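**Q** Input my_file.cif, format and content: mmCIF, C-alpha atoms.
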```cif
data_coords
#
loop_
_atom_site.label_atom_id
_atom_site.label_comp_id
_atom_site.auth_asym_id
_atom_site.auth_seq_id
_atom_site.Cartn_x
_atom_site.Cartn_y
_atom_site.Cartn_z
CA MET A 1 0.00 0.00 0.00
CA ASN A 2 1.62 3.26 -1.09
CA LYS A 3 2.03 6.29 1.12
CA SER A 4 -0.72 8.34 -0.49
CA LEU A 5 -3.21 5.50 -0.03
CA VAL A 6 -2.25 5.06 3.62
CA LEU A 7 -2.65 8.79 4.22
CA LEU A 8 -6.02 8.74 2.54
CA PHE A 9 -7.28 5.88 4.71
CA VAL A 10 -5.87 7.38 7.91
CA SER A 11 -7.48 10.74 7.19
CA PHE A 12 -10.85 9.18 6.44
CA VAL A 13 -10.87 6.77 9.41
CA VAL A 14 -11.05 9.79 11.71
CA LEU A 15 -13.76 11.37 9.60
CA THR A 16 -16.52 12.29 12.01
CA SER A 17 -15.23 10.02 14.72
CA GLN A 18 -17.11 12.30 17.05
CA THR A 19 -20.60 13.07 15.79
CA PHE A 20 -21.22 16.77 15.74
CA SER A 21 -24.25 18.85 14.97
CA LEU A 22 -24.88 20.19 11.50
CA PRO A 23 -24.59 23.99 11.88
CA ARG A 24 -26.80 24.59 8.84
CA PHE A 25 -29.71 22.98 10.74
CA ALA A 26 -29.44 25.69 13.40
CA LEU A 27 -29.01 28.34 10.71
CA ARG A 28 -32.05 27.04 8.83
CA ALA A 29 -34.19 27.08 11.97
CA GLY A 30 -32.89 30.48 13.07
CA GLY A 31 -31.91 28.97 16.41
CA ALA A 32 -28.86 27.97 18.40
CA CYS A 33 -26.93 24.73 18.99
CA ILE A 34 -28.36 24.42 22.50
CA ASP A 35 -31.84 24.11 21.00
CA CYS A 36 -30.95 20.56 19.88
CA HIS A 37 -27.90 19.54 21.95
CA VAL A 38 -27.03 19.03 25.60
CA ASN A 39 -23.72 20.80 24.96
CA PRO A 40 -24.48 24.56 24.71
CA THR A 41 -21.88 24.92 21.92
CA GLY A 42 -23.26 22.01 19.91
CA GLY A 43 -22.04 18.57 19.06
CA GLY A 44 -22.39 15.21 20.70
CA MET A 45 -25.59 14.20 22.43
CA ARG A 46 -28.96 15.53 21.32
CA ASN A 47 -31.39 16.79 23.92
CA GLU A 48 -35.04 15.75 23.77
CA SER A 49 -35.84 18.49 21.25
CA GLY A 50 -32.93 17.47 19.01
CA TRP A 51 -33.85 13.80 19.32
CA ARG A 52 -37.42 14.50 18.20
CA TYR A 53 -36.17 16.71 15.36
CA GLY A 54 -33.98 13.86 14.10
CA LYS A 55 -36.82 11.39 14.50
CA ASN A 56 -39.60 13.38 12.84
CA ASN A 57 -38.19 16.22 10.70
CA LEU A 58 -35.37 14.61 8.71
CA LYS A 59 -36.82 11.34 7.45
CA MET A 60 -37.74 10.97 3.80
CA VAL A 61 -40.29 8.18 4.29
CA ASN A 62 -42.95 8.13 7.01
CA SER A 63 -42.84 5.04 9.20
CA TYR A 64 -46.06 3.92 10.86
CA SER A 65 -44.08 1.89 13.38
CA ASN A 66 -42.41 5.07 14.64
CA GLU A 67 -45.81 6.61 15.26
CA GLU A 68 -47.32 3.54 16.90
CA PHE A 69 -44.30 2.37 18.91
CA GLU A 70 -43.56 4.32 22.08
CA MET A 71 -40.07 5.78 21.89
CA SER A 72 -38.11 8.02 24.20
CA PRO A 73 -34.46 9.00 24.75
CA TYR A 74 -34.97 8.85 28.52
CA ILE A 75 -34.11 6.19 31.07
CA GLY A 76 -36.51 6.99 33.86
CA LYS A 77 -37.37 10.65 34.38
CA ASN A 78 -34.05 12.44 34.32
CA ILE A 79 -31.41 10.30 32.55
CA LEU A 80 -31.04 10.95 28.84
CA PHE A 81 -29.11 8.49 26.68
CA GLY A 82 -28.01 8.37 23.04
CA ILE A 83 -26.10 6.25 20.54
CA ASP A 84 -24.09 7.05 17.40
CA TYR A 85 -22.58 4.50 15.04
CA ARG A 86 -20.83 5.24 11.73
CA THR A 87 -19.20 2.98 9.19
CA GLN A 88 -18.06 3.63 5.64
CA PHE A 89 -16.87 2.21 2.35
CA LEU A 90 -13.87 3.87 0.65
CA ALA A 91 -12.62 3.66 -2.90
CA LYS A 92 -9.46 5.35 -4.17
CA PHE A 93 -8.98 5.87 -7.88
CA ASP A 94 -5.65 6.31 -9.67
CA SER A 95 -4.42 5.87 -13.22
CA THR A 96 -3.94 2.10 -12.95
CA GLN A 97 -6.34 0.65 -10.40
CA LYS A 98 -9.10 1.10 -7.84
CA ARG A 99 -8.49 0.23 -4.19
CA THR A 100 -11.22 -0.23 -1.62
CA ASP A 101 -11.66 -0.60 2.12
CA PHE A 102 -14.39 -0.85 4.79
CA GLN A 103 -13.97 0.97 8.10
CA ASN A 104 -15.65 1.42 11.45
CA MET A 105 -15.53 5.10 12.31
CA THR A 106 -17.35 5.66 15.56
CA GLY A 107 -19.44 3.83 18.12
CA ALA A 108 -20.38 6.32 20.81
CA LEU A 109 -22.63 6.05 23.84
CA TYR A 110 -23.94 9.21 25.57
CA PHE A 111 -25.48 9.87 28.96
CA ASN A 112 -26.80 13.04 30.55
CA VAL A 113 -28.15 13.25 34.08
CA GLU A 114 -30.49 16.18 34.71
CA ALA A 115 -29.54 16.58 38.35
CA ASN A 116 -31.86 19.53 38.89
CA GLU A 117 -33.30 22.53 37.05
CA TYR A 118 -29.88 24.15 36.69
CA LEU A 119 -27.34 21.30 36.60
CA ASN A 120 -26.55 18.68 33.93
CA LEU A 121 -23.90 15.95 34.25
CA TYR A 122 -22.76 14.74 30.84
CA ALA A 123 -20.49 11.92 29.65
CA HIS A 124 -19.81 10.08 26.42
CA TYR A 125 -17.39 7.39 25.32
CA ASP A 126 -16.47 6.26 21.82
CA PHE A 127 -15.66 2.54 21.93
CA VAL A 128 -14.13 2.51 18.45
CA GLN A 129 -11.74 5.45 18.85
CA SER A 130 -11.35 5.37 22.68
CA ILE A 131 -12.39 9.01 22.95
CA TRP A 132 -14.26 10.34 25.96
CA GLN A 133 -15.66 13.59 27.28
CA GLY A 134 -17.26 14.41 30.60
CA TYR A 135 -18.36 17.66 32.16
CA ALA A 136 -20.91 19.45 34.30
CA ILE A 137 -23.04 22.31 32.98
CA ALA A 138 -24.48 24.74 35.51
CA ASN A 139 -26.98 27.22 34.04
CA ILE A 140 -26.57 29.80 36.78
CA LEU A 141 -24.98 32.87 35.13
CA PRO A 142 -26.78 36.04 34.06
CA PHE A 143 -27.75 36.63 30.41
CA LYS A 144 -28.89 33.00 30.14
CA GLY A 145 -25.31 32.01 30.86
CA TYR A 146 -23.66 28.81 31.99
CA ILE A 147 -20.47 27.37 33.48
CA LYS A 148 -19.06 24.18 31.98
CA VAL A 149 -16.32 22.30 33.86
CA GLY A 150 -14.62 19.10 32.71
CA THR A 151 -13.16 17.69 29.50
CA PHE A 152 -14.61 19.05 26.26
CA THR A 153 -13.81 20.46 22.81
CA PRO A 154 -13.36 24.26 22.96
CA ASN A 155 -15.70 26.46 20.93
CA PHE A 156 -13.78 27.70 17.87
CA GLY A 157 -15.14 28.52 14.42
CA ILE A 158 -17.88 26.51 12.73
CA ARG A 159 -18.02 22.99 14.12
CA ILE A 160 -18.91 21.11 10.96
CA ASP A 161 -19.11 17.36 11.46
CA ASP A 162 -16.35 16.43 8.99
CA HIS A 163 -12.99 16.70 10.69
CA THR A 164 -11.04 16.31 7.48
CA ALA A 165 -11.98 19.94 6.71
CA TYR A 166 -8.78 21.96 7.11
CA THR A 167 -10.49 24.41 9.48
CA ARG A 168 -10.93 21.44 11.84
CA GLY A 169 -8.30 18.66 11.89
CA GLY A 170 -7.56 18.40 8.18
CA ASP A 171 -5.61 15.36 7.05
CA PHE A 172 -4.65 14.80 10.67
CA GLY A 173 -0.87 15.07 10.26
CA ILE A 174 -0.11 11.44 11.21
CA LEU A 175 2.09 10.52 8.26
CA ALA A 176 3.05 14.05 7.31
CA SER A 177 3.43 17.46 8.93
CA GLN A 178 0.46 19.52 10.08
CA LYS A 179 -2.33 19.55 7.48
CA GLY A 180 -5.09 21.50 9.14
CA LEU A 181 -5.87 23.18 12.45
CA ILE A 182 -5.73 21.43 15.81
CA TYR A 183 -9.38 20.35 16.11
CA ASP A 184 -9.07 16.74 15.01
CA PRO A 185 -11.43 14.14 16.57
CA PHE A 186 -9.03 13.41 19.43
CA TYR A 187 -8.57 17.02 20.53
CA ASN A 188 -10.10 17.82 23.93
CA GLU A 189 -9.21 20.18 26.73
CA THR A 190 -9.73 19.83 30.47
CA GLY A 191 -10.79 23.13 31.94
CA ILE A 192 -13.65 25.61 32.27
CA GLU A 193 -15.92 27.38 29.79
CA LEU A 194 -18.29 30.31 30.31
CA GLY A 195 -21.08 31.14 27.89
CA PHE A 196 -23.54 34.03 27.62
CA ASN A 197 -26.55 34.78 25.42
CA PHE A 198 -26.87 38.54 25.70
CA ASN A 199 -29.98 38.53 23.53
CA GLU A 200 -31.70 36.19 21.09
CA PHE A 201 -28.99 36.61 18.43
CA THR A 202 -25.75 37.32 20.35
CA ASN A 203 -23.68 34.51 21.89
CA PHE A 204 -20.25 34.74 23.54
CA THR A 205 -18.06 31.96 24.97
CA VAL A 206 -14.64 31.93 26.60
CA SER A 207 -12.69 28.94 27.92
CA ALA A 208 -9.37 28.03 29.51
CA GLY A 209 -7.97 24.52 29.67
CA ASN A 210 -5.10 22.17 29.03
CA PRO A 211 -5.12 19.89 25.97
CA THR A 212 -5.50 16.29 27.11
CA ARG A 213 -2.68 15.19 24.76
CA ALA A 214 -0.20 17.88 25.85
CA LEU A 215 3.11 16.72 27.33
CA PHE A 216 3.92 18.58 30.56
CA ILE A 217 2.56 21.90 29.29
CA LYS A 218 1.17 23.75 32.30
CA ASP A 219 0.15 26.99 30.61
CA PRO A 220 -3.52 26.75 29.60
CA THR A 221 -5.04 27.31 26.20
CA TYR A 222 -7.45 30.24 25.95
CA THR A 223 -10.30 30.23 23.42
CA THR A 224 -12.99 32.80 22.80
CA ARG A 225 -15.79 33.09 20.25
CA LEU A 226 -18.40 35.75 19.46
CA GLN A 227 -21.41 34.96 17.27
CA PHE A 228 -24.33 36.95 15.87
CA THR A 229 -27.37 35.25 14.28
CA PRO A 230 -29.69 38.01 13.06
CA SER A 231 -32.63 37.47 10.71
CA ILE A 232 -33.80 39.86 8.01
CA GLY A 233 -37.20 38.75 6.85
CA ASP A 234 -36.80 35.20 5.54
CA LEU A 235 -33.00 35.51 5.47
CA ASN A 236 -31.08 34.00 8.40
CA LEU A 237 -27.48 35.10 8.94
CA LEU A 238 -24.48 33.85 10.92
CA ILE A 239 -21.58 36.24 11.56
CA GLY A 240 -18.74 35.85 14.04
CA GLY A 241 -15.12 35.39 14.95
CA SER A 242 -12.87 33.19 17.10
CA TYR A 243 -9.48 33.43 18.79
CA ALA A 244 -7.28 30.82 20.48
CA ASP A 245 -3.95 31.08 22.31
CA TYR A 246 -2.51 27.57 22.26
CA LYS A 247 0.73 26.04 23.54
CA ARG A 248 2.28 23.41 21.29
CA GLY A 249 5.28 21.11 21.79
CA PHE A 250 6.88 19.73 24.94
CA VAL A 251 9.12 20.86 27.79
CA GLY A 252 12.11 22.70 26.40
CA ASN A 253 10.49 23.20 23.00
CA ILE A 254 7.15 24.95 23.54
CA ARG A 255 5.91 27.47 21.04
CA ASN A 256 2.95 29.81 21.37
CA VAL A 257 0.34 29.34 18.64
CA ASN A 258 -2.20 32.07 17.92
CA MET A 259 -5.24 31.22 15.83
CA TYR A 260 -7.90 33.68 14.81
CA GLY A 261 -10.47 34.01 12.08
CA GLY A 262 -13.99 34.76 11.04
CA PHE A 263 -17.00 32.84 9.84
CA PHE A 264 -20.15 33.63 7.93
CA GLY A 265 -23.37 31.87 7.02
CA LEU A 266 -26.67 32.59 5.35
CA GLN A 267 -29.84 30.66 4.74
CA PHE A 268 -32.68 31.52 2.40
CA ALA A 269 -35.48 29.13 1.45
CA GLU A 270 -33.82 25.75 0.75
CA PHE A 271 -30.35 27.20 0.13
CA SER A 272 -27.64 27.61 2.78
CA LEU A 273 -23.99 28.68 2.78
CA LEU A 274 -21.33 28.37 5.48
CA ALA A 275 -17.82 29.79 5.22
CA GLU A 276 -14.81 30.11 7.54
CA TYR A 277 -11.33 31.59 7.16
CA ASP A 278 -8.66 31.14 9.86
CA ILE A 279 -5.06 32.28 10.30
CA ALA A 280 -2.63 30.38 12.53
CA LYS A 281 0.75 31.67 13.66
CA ASN A 282 3.45 29.09 14.56
CA ILE A 283 1.16 26.07 14.19
CA VAL A 284 3.49 24.28 11.74
CA ASN A 285 6.76 25.60 13.17
CA GLN A 286 8.15 28.73 14.80
CA ASP A 287 7.55 31.96 12.81
CA SER A 288 5.29 30.23 10.28
CA LEU A 289 2.00 31.71 9.13
CA SER A 290 -0.71 29.30 7.97
CA ASN A 291 -4.28 29.77 6.81
CA ALA A 292 -7.26 27.47 6.38
CA MET A 293 -10.52 28.02 4.53
CA MET A 294 -13.84 26.19 4.20
CA ILE A 295 -16.87 27.03 2.04
CA GLU A 296 -19.92 24.75 2.08
CA VAL A 297 -23.03 25.18 -0.04
CA SER A 298 -26.10 23.01 0.44
CA TYR A 299 -29.52 22.78 -1.14
CA LYS A 300 -32.48 20.90 0.27
CA ILE A 301 -33.93 19.04 -2.71
CA SER A 302 -36.74 17.44 -0.74
CA LYS A 303 -37.42 16.22 2.75
CA GLY A 304 -34.66 13.80 3.66
CA LEU A 305 -32.41 14.71 0.69
CA GLU A 306 -29.77 17.44 0.46
CA ALA A 307 -27.06 18.17 -2.10
CA ILE A 308 -23.73 19.34 -0.62
CA ILE A 309 -20.64 20.91 -2.20
CA ARG A 310 -17.67 21.95 -0.06
CA TYR A 311 -14.33 23.56 -0.89
CA ASP A 312 -11.42 23.19 1.54
CA ARG A 313 -8.02 24.86 1.34
CA PHE A 314 -4.94 24.86 3.59
CA ASP A 315 -1.72 26.83 3.11
CA ARG A 316 0.87 25.47 5.54
CA ASN A 317 3.29 28.35 5.11
CA SER A 318 2.25 31.56 3.35
CA SER A 319 5.89 32.40 2.59
CA ALA A 320 6.46 29.13 0.69
CA ALA A 321 5.27 28.49 -2.86
CA LYS A 322 3.21 25.54 -4.06
CA ASP A 323 2.62 23.97 -0.66
CA GLU A 324 -1.15 24.59 -0.65
CA LEU A 325 -3.63 21.75 -0.38
CA SER A 326 -7.22 21.98 -1.55
CA ARG A 327 -10.14 19.70 -2.30
CA ILE A 328 -13.69 19.77 -3.57
CA VAL A 329 -16.23 17.49 -1.91
CA ILE A 330 -19.38 16.71 -3.90
CA GLY A 331 -22.04 14.66 -2.18
CA ALA A 332 -25.47 14.25 -0.68
CA GLU A 333 -27.09 13.57 2.68
CA ILE A 334 -29.97 11.12 2.60
CA HIS A 335 -32.25 10.37 5.56
CA PRO A 336 -34.55 7.58 4.31
CA PHE A 337 -35.99 6.75 7.75
CA SER A 338 -35.73 8.01 11.32
CA PHE A 339 -32.25 7.59 12.83
CA ILE A 340 -30.66 6.52 9.50
CA GLU A 341 -28.39 8.63 7.31
CA ILE A 342 -26.49 7.76 4.12
CA ARG A 343 -23.76 10.02 2.75
CA PRO A 344 -22.28 9.39 -0.69
CA GLN A 345 -19.30 11.67 -1.51
CA TYR A 346 -16.77 12.12 -4.28
CA ARG A 347 -13.60 13.93 -3.21
CA ILE A 348 -11.38 15.71 -5.72
CA ASN A 349 -7.98 16.36 -4.14
CA MET A 350 -5.76 19.08 -5.59
CA GLU A 351 -2.08 19.66 -4.86
CA GLU A 352 1.22 20.39 -6.62
CA PRO A 353 2.67 18.22 -7.98
CA LYS A 354 -0.66 16.59 -8.80
CA ILE A 355 -1.12 12.92 -7.87
CA ASP A 356 -4.01 10.56 -8.63
CA ASN A 357 -5.73 10.39 -5.26
CA ASN A 358 -9.39 11.23 -5.78
CA ALA A 359 -11.72 9.12 -3.66
CA TYR A 360 -15.31 7.93 -3.30
CA VAL A 361 -16.87 7.58 0.14
CA LEU A 362 -20.16 5.93 1.08
CA GLN A 363 -20.90 6.54 4.75
CA PHE A 364 -23.66 5.01 6.89
CA HIS A 365 -24.80 6.68 10.11
CA PHE A 366 -27.21 5.22 12.67
CA TRP A 367 -28.16 7.04 15.85
CA TYR A 368 -30.74 7.26 18.60
#
```
Please go through the file and, once you have read it, give me the structure as structure tokens.

**A**
Amino acid sequence: MNKSLVLLFVSFVVLTSQTFSLPRFALRAGGACIDCHVNPTGGGMRNESGWRYGKNNLKMVNSYSNEEFEMSPYIGKNILFGIDYRTQFLAKFDSTQKRTDFQNMTGALYFNVEANEYLNLYAHYDFVQSIWQGYAIANILPFKGYIKVGTFTPNFGIRIDDHTAYTRGGDFGILASQKGLIYDPFYNETGIELGFNFNEFTNFTVSAGNPTRALFIKDPTYTTRLQFTPSIGDLNLLIGGSYADYKRGFVGNIRNVNMYGGFFGLQFAEFSLLAEYDIAKNIVNQDSLSNAMMIEVSYKISKGLEAIIRYDRFDRNSSAAKDELSRIVIGAEIHPFSFIEIRPQYRINMEEPKIDNNAYVLQFHFWY
């Protein structure tokens, strides 16, 4: 198996190994992540509202059994549980042959204990990737604010559910140097996060924590994000920016990484657009300047069927020539029944010098 094929498989095996929310759903509804998720910043377990949305609003075909059979995400009165499982088929095409593989991606189990009116205790574990998160959320601050304490993913940029986007984890940097920002599926921090909703369209979060994979780095990472979600008639907008001060390396060789950028989204009728542009100083090496970009366009063809096109780009070092990576992802999201999703994708990879490494992905997602 050649190096490019190995890199392809490694990058795709971590694709969506943690199941995140789809930000365009919140944009389409003119709401916020907390409307459908236990986590106020989105991702992971769905709350009862999000569970019912996934059960009733996404499916292409009505199922009488769903209407007749009593279903609930609760165990007892105050324990919420959830499941996510993803698997996929991969095919890589080059000038001489086609190579294929089947992969398990994620198998996650979620629990949330509603301890009282103000306190939630949350935990999830991915048995496939050995990833876990756990934290307490206390909704006790003014301006509909909260305190989150534990191990979680900090709130930076647009948290699309595909971590191979360069604004998230990119190609993961296992077999090569950094190819994307730090937010790959395994990235968590242990610390504290504060969030505020100053009005119905203004959200602000700030967090401090230590990366769980850091080696003897005591200085915390600081992350902040400001988001506006105004509506003008039937047009819903998303406007905001993020900043992170991150320590990278190990004792004796620690460099300070600064990441900042902006994001934008709009939704009108069945059309939605999401875009993000980030700049990272020293993420690849000292005195380097990198940038990552993501643009996603989607169109809802019918209930349970959406067409998706995304463009990703990553420039490792703005002072070097011909080191940029980019790709176009063409695909669809199909929800034939409740709790079932199918994602066919064709990925066109572009780099210099050009190599034959385009790929086809067929992903299956089951959840509850």

**Q** Record the distance separating atom CA of Asp161 of chain A and atom CA of Tyr74 of chain A, expressed in Å with one decimal.

**A**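 Computing the Euclidean distance for atom CA of Asp161 of chain A and atom CA of Tyr74 of chain A yields 24.8 Å.
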
**Q** So, counting all atoms listed in the file, which residue among A:Glu306, A:Tyr260, A:Lys300, A:Arg248 is closest to Gln286 of chain A?

**A**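 Closest candidate: A:Arg248.
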
**Q** Could you tell me how far atom CA of Leu274 of chain A lies from atom CA of Ser231 of chain A, in Å and to one decimal?

**A**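 Going from atom CA of Leu274 of chain A over to atom CA of Ser231 of chain A, I get 15.4 Å.
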
**Q** For Ala244 of chain A, which of A:Leu119, A:Ile340, A:Ala26, A:Ala280 is the closest residue, counting only C-alpha atoms?

**A**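 Result for the nearest residue to Ala244 of chain A: A:Ala280.
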
**Q** Find the residues near Ala138 of chain A: any atom within 9 Å, counting all atoms listed in the file, skip ones fewer than 4 places away on the same chain, and give them as a list in words.

**A** Tyr118, Leu119, Asn120, Leu121, Gly145, Tyr146, Ile147, Lys148 and Val149 of chain A

**Q** Using the chain letters and residue numbers of this document, give as a VMD selection string the residues selected by the PyMOL selection byres ((chain A and resi 313-326) around 6).

**A** chain A and resid 166 288 to 293 312 327 350 to 351

**Q** Which residues come within 12 Å of Arg310 of chain A, counting only C-alpha atoms, excluding same-chain residues fewer than 2 positions away, as a VMD selection string?

**A** chain A and resid 160 162 164 to 166 272 to 276 293 to 299 307 to 308 312 to 313 326 to 332 345 to 349

**Q** Between A:Glu114, A:Asp84, A:Asp101, A:Asp126, single out the one closest to Val38 of chain A, counting all atoms listed in the file.

**A**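 Under the stated criterion, the closest residue is A:Glu114.
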
**Q** Can you measure atom CA of Tyr53 of chain A to atom CA of Pro230 of chain A for me? One decimal in Å is fine.

**A** 22.4 Å

**Q** Kindly provide, as number ranges by chain, the polymer residues lying within 10 Å of (-20.6, 5.7, 2.7), counting all atoms listed in the file and using the coordinates exactly as they appear in the file.

**A** A: 86-91, 102-103, 341-345, 360-365

**Q** Which residues, named as in the file, does the PyMOL selection byres ((chain A and resi 48) around 9) pick out? Answer as a ChimeraX atom specification.

**A** /A:36-38,46-47,49-53,72-74,80

**Q** Please tell me which residues are no farther than 10 Å from (-20.3, 22.5, 13.9) in the file, counting all atoms listed in the file, and write them as JSON, numbers by chain.

**A** {"A": [19, 20, 21, 22, 23, 24, 25, 26, 33, 41, 42, 43, 155, 156, 157, 158, 159, 160, 161, 162, 163, 168]}

**Q** Around all the atoms of segment 285-297 of chain A listed in the file, draw an axis-aligned box and extend it by 6 Å on each of the six sides; I want its centre and edge lengths in Å to one decimal, as lines of an AutoDock Vina configuration file.

**A**
```
center_x = -7.4
center_y = 28.4
center_z = 7.4
size_x = 43.2
size_y = 19.2
size_z = 26.8
```

**Q** Determine, counting only C-alpha atoms, which protein, DNA and RNA residues have an atom within 8 Å of an atom of Leu58 of chain A; residues of the same chain fewer than 4 positions away are not included. Present the result as number ranges by chain.

**A** A: 53-54, 303-304, 335, 337-338

**Q** Please enumerate the residues selected by the PyMOL selection byres ((chain A and resi 182) around 9) when evaluated against the supplied file, formatted as a PyMOL selection string.

**A** chain A and resi 167-170+172+178+180-181+183-184+187+283

**Q** Taking only C-alpha atoms into account, name the residue in A:Lys247, A:Val284, A:Asn236, A:Phe204 that is nearest to Leu266 of chain A.

**A**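 Among the listed residues, the smallest separation from Leu266 of chain A belongs to A:Asn236.
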
**Q** Of the residues A:Phe198, A:Phe93, A:Phe152, A:Phe143, which is the one nearest to Tyr122 of chain A, using all atoms listed in the file?

**A**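 Of all the options, A:Phe152 lies closest to Tyr122 of chain A.
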
**Q** Return the single residue from A:Phe127, A:Lys92, A:Tyr243, A:Tyr85 that is closest to Asn358 of chain A, with distances computed using only C-alpha atoms.

**A** A:Lys92

**Q** Can you put N, CA, C and O atoms back into segment 147-163 of chain A and show it as a PDB file, in the coordinates of the input?

**A**
```
ATOM      1  N   ILE A 147     -21.857  27.763  33.190  1.00  0.00           N
ATOM      2  CA  ILE A 147     -20.470  27.370  33.480  1.00  0.00           C
ATOM      3  C   ILE A 147     -20.349  25.894  33.120  1.00  0.00           C
ATOM      4  O   ILE A 147     -21.166  25.072  33.538  1.00  0.00           O
ATOM      5  N   LYS A 148     -19.334  25.571  32.328  1.00  0.00           N
ATOM      6  CA  LYS A 148     -19.060  24.180  31.980  1.00  0.00           C
ATOM      7  C   LYS A 148     -17.674  23.827  32.538  1.00  0.00           C
ATOM      8  O   LYS A 148     -16.697  24.536  32.292  1.00  0.00           O
ATOM      9  N   VAL A 149     -17.581  22.725  33.265  1.00  0.00           N
ATOM     10  CA  VAL A 149     -16.320  22.300  33.860  1.00  0.00           C
ATOM     11  C   VAL A 149     -16.107  20.832  33.549  1.00  0.00           C
ATOM     12  O   VAL A 149     -16.992  19.996  33.781  1.00  0.00           O
ATOM     13  N   GLY A 150     -14.932  20.494  33.024  1.00  0.00           N
ATOM     14  CA  GLY A 150     -14.620  19.100  32.710  1.00  0.00           C
ATOM     15  C   GLY A 150     -13.735  18.998  31.495  1.00  0.00           C
ATOM     16  O   GLY A 150     -12.883  19.849  31.253  1.00  0.00           O
ATOM     17  N   THR A 151     -13.926  17.939  30.721  1.00  0.00           N
ATOM     18  CA  THR A 151     -13.160  17.690  29.500  1.00  0.00           C
ATOM     19  C   THR A 151     -14.080  17.815  28.302  1.00  0.00           C
ATOM     20  O   THR A 151     -15.088  17.112  28.208  1.00  0.00           O
ATOM     21  N   PHE A 152     -13.731  18.718  27.366  1.00  0.00           N
ATOM     22  CA  PHE A 152     -14.610  19.050  26.260  1.00  0.00           C
ATOM     23  C   PHE A 152     -13.776  19.613  25.103  1.00  0.00           C
ATOM     24  O   PHE A 152     -12.584  19.892  25.246  1.00  0.00           O
ATOM     25  N   THR A 153     -14.433  19.803  23.959  1.00  0.00           N
ATOM     26  CA  THR A 153     -13.810  20.460  22.810  1.00  0.00           C
ATOM     27  C   THR A 153     -14.105  21.952  22.881  1.00  0.00           C
ATOM     28  O   THR A 153     -15.282  22.337  22.987  1.00  0.00           O
ATOM     29  N   PRO A 154     -13.092  22.829  22.854  1.00  0.00           N
ATOM     30  CA  PRO A 154     -13.360  24.260  22.960  1.00  0.00           C
ATOM     31  C   PRO A 154     -14.144  24.769  21.757  1.00  0.00           C
ATOM     32  O   PRO A 154     -14.140  24.172  20.683  1.00  0.00           O
ATOM     33  N   ASN A 155     -14.801  25.897  21.940  1.00  0.00           N
ATOM     34  CA  ASN A 155     -15.700  26.460  20.930  1.00  0.00           C
ATOM     35  C   ASN A 155     -14.918  27.398  20.017  1.00  0.00           C
ATOM     36  O   ASN A 155     -14.660  28.557  20.356  1.00  0.00           O
ATOM     37  N   PHE A 156     -14.541  26.896  18.833  1.00  0.00           N
ATOM     38  CA  PHE A 156     -13.780  27.700  17.870  1.00  0.00           C
ATOM     39  C   PHE A 156     -14.378  27.494  16.480  1.00  0.00           C
ATOM     40  O   PHE A 156     -14.551  26.361  16.026  1.00  0.00           O
ATOM     41  N   GLY A 157     -14.681  28.591  15.795  1.00  0.00           N
ATOM     42  CA  GLY A 157     -15.140  28.520  14.420  1.00  0.00           C
ATOM     43  C   GLY A 157     -16.467  27.816  14.258  1.00  0.00           C
ATOM     44  O   GLY A 157     -17.301  27.762  15.167  1.00  0.00           O
ATOM     45  N   ILE A 158     -16.676  27.263  13.050  1.00  0.00           N
ATOM     46  CA  ILE A 158     -17.880  26.510  12.730  1.00  0.00           C
ATOM     47  C   ILE A 158     -17.576  25.031  12.921  1.00  0.00           C
ATOM     48  O   ILE A 158     -16.706  24.481  12.250  1.00  0.00           O
ATOM     49  N   ARG A 159     -18.297  24.384  13.794  1.00  0.00           N
ATOM     50  CA  ARG A 159     -18.020  22.990  14.120  1.00  0.00           C
ATOM     51  C   ARG A 159     -18.756  22.061  13.162  1.00  0.00           C
ATOM     52  O   ARG A 159     -19.696  21.362  13.528  1.00  0.00           O
ATOM     53  N   ILE A 160     -18.311  22.054  11.896  1.00  0.00           N
ATOM     54  CA  ILE A 160     -18.910  21.110  10.960  1.00  0.00           C
ATOM     55  C   ILE A 160     -18.502  19.702  11.362  1.00  0.00           C
ATOM     56  O   ILE A 160     -17.489  19.491  12.030  1.00  0.00           O
ATOM     57  N   ASP A 161     -19.286  18.722  10.955  1.00  0.00           N
ATOM     58  CA  ASP A 161     -19.110  17.360  11.460  1.00  0.00           C
ATOM     59  C   ASP A 161     -18.089  16.546  10.680  1.00  0.00           C
ATOM     60  O   ASP A 161     -17.926  15.359  10.958  1.00  0.00           O
ATOM     61  N   ASP A 162     -17.395  17.134   9.728  1.00  0.00           N
ATOM     62  CA  ASP A 162     -16.350  16.430   8.990  1.00  0.00           C
ATOM     63  C   ASP A 162     -14.997  16.993   9.411  1.00  0.00           C
ATOM     64  O   ASP A 162     -14.629  18.113   9.044  1.00  0.00           O
ATOM     65  N   HIS A 163     -14.254  16.203  10.168  1.00  0.00           N
ATOM     66  CA  HIS A 163     -12.990  16.700  10.690  1.00  0.00           C
ATOM     67  C   HIS A 163     -11.842  16.657   9.695  1.00  0.00           C
ATOM     68  O   HIS A 163     -10.727  17.028  10.031  1.00  0.00           O
TER      69      HIS A 163
END
```
